[in-house]
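A.B. asks: First the structure, which I've put down as structure tokens, then a few questions once you've had a look.
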Amino acid sequence: MLLFVGLGNPGSKYKNNRHNIGFMAVDEIVHRHNFSAPKAQFQGLVSEGRFGSEKIRVLKPQTFMNLSGQSVSEAARFYKIAPEDIFVFYDELDIPEAKIKFKTGGGNAGHNGLRSIDQHMGKDYHRIRMGIGHPGHKDRVTGHVLGNFAKSDDQWLGPLLDAVAYAAPKLADRTGETRGAGFLNEIGLQLKPNNN
């Protein structure tokens, strides 16, 4: 079983914030692959589905970002899911808009959601780092992160979320190339110009 975690803040006020791109990504996965409707569990919302024979649980913590680790660790303990089977989707300031990277372990770069997960579970989970770009000066970071995506962002945001959802089954493929590489390669193919 795999646990996909989308990070964000609950409530309609935050729905379109850049900080909520993790929620947006897992919502698209749940929608595209016809996973179950979310149920309230583990201080979060949980949907269930499958990629082939692999069971997937999708978790959106409802604790607010800086307490995400409470929800994630509760779900991981209940389902007995090891860190190497946990994939966290979140916003990354240090990556340009529309870009995506994958890494396992490492620092949290000041991201409060990751900091909370690290405190509760250690750092050995996988991170899907979704670029939201940097506003240029540290004094503008909070407003940027908690600001809504602009209408012009639709040009890249929609296609990126579609590509993430399309490529998500690669994260369940335990054969061949590393799961991160297969996932990113599939996204790259989806986002190529004229790939319809």
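We label chains A, B, ... in the order they appear in the structure tokens, count residues from 1 in each chain, and number ligands from 1 in the order shown.
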Any idea what's packed within 6 Å of region 101-111 of chain A, counting only C-alpha atoms, ignoring anything in its chain fewer than 5 positions away? Could you give it as a VMD selection string?

C.D. replies: chain A and resid 123 to 129 180

A.B. asks: Do you have, as CSV, the list of residues of region 84-114 of chain A lying at most 12 Å from region 150-165 of chain A, each with its nearest atom pair and that distance in Å to one decimal, counting only C-alpha atoms and ordered by chain then number?

C.D. replies:
residue,atom,partner,partner_atom,distance
A:Phe89,CA,A:Val164,CA,10.0
A:Pro96,CA,A:Trp156,CA,11.4
A:Glu97,CA,A:Trp156,CA,8.0
A:Ala98,CA,A:Trp156,CA,5.7
A:Lys99,CA,A:Leu160,CA,8.2
A:Ile100,CA,A:Leu160,CA,8.6
A:Lys101,CA,A:Val164,CA,11.3
A:Phe102,CA,A:Val164,CA,11.8

A.B. asks: Would you save the residues from that selection as a short mmCIF file (atom, residue, chain, number, x, y, z; two decimals), in the first residue's frame, using C-alpha atoms?

C.D. replies:
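Heads up, here's the output in part-v1.cif:
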data_model
loop_
_atom_site.label_atom_id
_atom_site.label_comp_id
_atom_site.auth_asym_id
_atom_site.auth_seq_id
_atom_site.Cartn_x
_atom_site.Cartn_y
_atom_site.Cartn_z
CA PHE A 89 3.01 16.59 -2.91
CA PRO A 96 10.26 27.91 -11.02
CA GLU A 97 6.55 27.85 -11.76
CA ALA A 98 5.40 24.88 -13.85
CA LYS A 99 8.47 22.79 -12.95
CA ILE A 100 8.40 19.65 -10.84
CA LYS A 101 11.12 17.67 -9.08
CA PHE A 102 11.30 14.47 -7.07
#

A.B. asks: List the spatial neighbours of Lys170 (chain A) as a ChimeraX atom specification - criterion: any atom at most 8 Å away, only C-alpha atoms, same-chain residues fewer than 5 positions off excluded.

C.D. replies: /A:179-180,182-183,186

A.B. asks: Just want the 9 Å neighbourhood of Gln70 (chain A), counted on only C-alpha atoms, with same-chain residues fewer than 2 positions away dropped. Output as number ranges by chain.

C.D. replies: A: 42-43, 61, 63, 67-68, 72-75, 116-117, 120

A.B. asks: With only C-alpha atoms as the atoms that count, which of A:Glu54, A:Asp91, A:Pro83, A:Val5 lies nearest to Ser71 (chain A)?

C.D. replies: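 Among A:Glu54, A:Asp91, A:Pro83, A:Val5, it is A:Val5 that comes nearest to Ser71 (chain A).
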
A.B. asks: Have a look at A:Gly122, A:Gly49, A:Met65, A:Lys138 and name the one nearest to Leu93 (chain A); count only C-alpha atoms.

C.D. replies: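 Closest to Leu93 (chain A), using only C-alpha atoms: A:Lys138.
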
A.B. asks: Interatomic distance between CA of Asn148 (chain A) and CA of Asn112 (chain A)?

C.D. replies: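 Calculated distance between CA of Asn148 (chain A) and CA of Asn112 (chain A) is 18.4 Å.
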
A.B. asks: Would you work out the distance separating CA of Ile56 (chain A) from CA of Asp118 (chain A), expressed in Å to one decimal?

C.D. replies: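 It comes out at 21.6 Å.
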
A.B. asks: I'd like to know which of A:Met24, A:Arg77, A:Arg18, A:Leu3 is closest to Leu59 (chain A), using only C-alpha atoms.

C.D. replies: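 Checking each of A:Met24, A:Arg77, A:Arg18, A:Leu3 against Leu59 (chain A), counting only C-alpha atoms, the winner is A:Leu3.
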
A.B. asks: If you run DSSP on the backbone, which residues of region 12-116 of chain A are helix (DSSP H, G or I), as a PyMOL selection string?

C.D. replies: chain A and resi 12-14+18-32+65-79+83-85+112-116

A.B. asks: For the residues selected in the previous step, produce a file with N, CA and C atoms as a CSV table (one decimal), in the first residue's frame.

C.D. replies:
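Output saved as again-v3.csv:
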chain,number,residue,atom,x,y,z
A,12,SER,N,-12.3,27.1,2.3
A,12,SER,CA,-12.5,27.7,1.0
A,12,SER,C,-11.6,28.9,0.9
A,13,LYS,N,-11.3,29.6,2.0
A,13,LYS,CA,-10.4,30.8,2.0
A,13,LYS,C,-9.1,30.5,1.3
A,14,TYR,N,-8.6,29.3,1.5
A,14,TYR,CA,-7.2,28.9,1.1
A,14,TYR,C,-7.2,28.1,-0.2
A,18,ARG,N,-1.3,29.4,-3.6
A,18,ARG,CA,-0.2,28.6,-4.1
A,18,ARG,C,0.3,27.5,-3.1
A,19,HIS,N,0.1,27.8,-1.8
A,19,HIS,CA,0.5,26.9,-0.8
A,19,HIS,C,-0.4,25.6,-0.9
A,20,ASN,N,-1.5,25.6,-1.6
A,20,ASN,CA,-2.4,24.5,-1.7
A,20,ASN,C,-2.2,23.6,-2.9
A,21,ILE,N,-1.1,23.8,-3.7
A,21,ILE,CA,-0.9,23.1,-4.9
A,21,ILE,C,-0.9,21.6,-4.6
A,22,GLY,N,-0.4,21.2,-3.4
A,22,GLY,CA,-0.4,19.8,-3.1
A,22,GLY,C,-1.8,19.2,-3.0
A,23,PHE,N,-2.7,19.9,-2.4
A,23,PHE,CA,-4.1,19.5,-2.3
A,23,PHE,C,-4.6,19.4,-3.8
A,24,MET,N,-4.3,20.4,-4.6
A,24,MET,CA,-4.8,20.4,-6.0
A,24,MET,C,-4.3,19.1,-6.8
A,25,ALA,N,-3.1,18.8,-6.5
A,25,ALA,CA,-2.5,17.6,-7.2
A,25,ALA,C,-3.2,16.3,-6.9
A,26,VAL,N,-3.4,16.1,-5.6
A,26,VAL,CA,-4.0,14.8,-5.2
A,26,VAL,C,-5.5,14.8,-5.5
A,27,ASP,N,-6.1,16.0,-5.5
A,27,ASP,CA,-7.5,16.0,-5.9
A,27,ASP,C,-7.6,15.6,-7.4
A,28,GLU,N,-6.7,16.0,-8.2
A,28,GLU,CA,-6.7,15.6,-9.6
A,28,GLU,C,-6.4,14.1,-9.8
A,29,ILE,N,-5.6,13.6,-9.0
A,29,ILE,CA,-5.3,12.1,-9.0
A,29,ILE,C,-6.6,11.3,-8.7
A,30,VAL,N,-7.2,11.8,-7.6
A,30,VAL,CA,-8.5,11.1,-7.1
A,30,VAL,C,-9.5,11.2,-8.2
A,31,HIS,N,-9.7,12.3,-8.8
A,31,HIS,CA,-10.7,12.5,-9.9
A,31,HIS,C,-10.4,11.7,-11.1
A,32,ARG,N,-9.1,11.8,-11.6
A,32,ARG,CA,-8.8,11.1,-12.8
A,32,ARG,C,-8.9,9.6,-12.7
A,65,MET,N,-1.4,23.6,7.7
A,65,MET,CA,-0.1,23.2,7.2
A,65,MET,C,1.0,22.8,8.3
A,66,ASN,N,1.1,23.7,9.3
A,66,ASN,CA,2.2,23.5,10.2
A,66,ASN,C,2.0,22.3,11.2
A,67,LEU,N,0.8,21.7,11.1
A,67,LEU,CA,0.6,20.5,11.9
A,67,LEU,C,0.3,19.2,11.1
A,68,SER,N,0.7,19.3,9.8
A,68,SER,CA,0.4,18.2,8.9
A,68,SER,C,1.0,16.8,9.4
A,69,GLY,N,2.1,16.9,10.1
A,69,GLY,CA,2.7,15.6,10.5
A,69,GLY,C,1.9,14.8,11.4
A,70,GLN,N,1.0,15.4,12.2
A,70,GLN,CA,0.1,14.7,13.1
A,70,GLN,C,-0.8,13.8,12.3
A,71,SER,N,-1.4,14.3,11.2
A,71,SER,CA,-2.3,13.5,10.4
A,71,SER,C,-1.6,12.4,9.6
A,72,VAL,N,-0.4,12.8,9.0
A,72,VAL,CA,0.4,11.9,8.2
A,72,VAL,C,0.9,10.7,9.0
A,73,SER,N,1.4,11.0,10.2
A,73,SER,CA,1.9,9.9,11.1
A,73,SER,C,0.8,9.0,11.6
A,74,GLU,N,-0.4,9.6,11.9
A,74,GLU,CA,-1.5,8.8,12.3
A,74,GLU,C,-1.9,7.8,11.2
A,75,ALA,N,-2.0,8.3,10.0
A,75,ALA,CA,-2.4,7.4,8.9
A,75,ALA,C,-1.4,6.3,8.6
A,76,ALA,N,-0.1,6.7,8.6
A,76,ALA,CA,1.0,5.8,8.3
A,76,ALA,C,1.0,4.7,9.4
A,77,ARG,N,0.8,5.1,10.7
A,77,ARG,CA,0.8,4.0,11.7
A,77,ARG,C,-0.3,3.1,11.6
A,78,PHE,N,-1.5,3.6,11.3
A,78,PHE,CA,-2.7,2.8,11.2
A,78,PHE,C,-2.6,1.8,10.1
A,79,TYR,N,-2.1,2.2,8.9
A,79,TYR,CA,-2.0,1.3,7.7
A,79,TYR,C,-0.7,0.6,7.7
A,83,PRO,N,8.0,4.8,5.5
A,83,PRO,CA,8.3,6.1,4.8
A,83,PRO,C,8.6,5.9,3.3
A,84,GLU,N,9.2,4.8,2.9
A,84,GLU,CA,9.6,4.6,1.5
A,84,GLU,C,8.3,4.4,0.6
A,85,ASP,N,7.2,4.3,1.2
A,85,ASP,CA,5.9,4.1,0.5
A,85,ASP,C,5.0,5.3,0.7
A,112,ASN,N,6.8,24.6,6.3
A,112,ASN,CA,6.2,24.2,7.6
A,112,ASN,C,5.5,22.8,7.6
A,113,GLY,N,4.9,22.4,6.5
A,113,GLY,CA,4.3,21.1,6.3
A,113,GLY,C,5.4,20.0,6.4
A,114,LEU,N,6.5,20.2,5.7
A,114,LEU,CA,7.5,19.2,5.7
A,114,LEU,C,8.2,19.1,7.1
A,115,ARG,N,8.4,20.3,7.7
A,115,ARG,CA,9.0,20.3,9.0
A,115,ARG,C,8.2,19.5,10.0
A,116,SER,N,6.9,19.6,10.0
A,116,SER,CA,6.0,18.9,10.8
A,116,SER,C,6.0,17.4,10.6
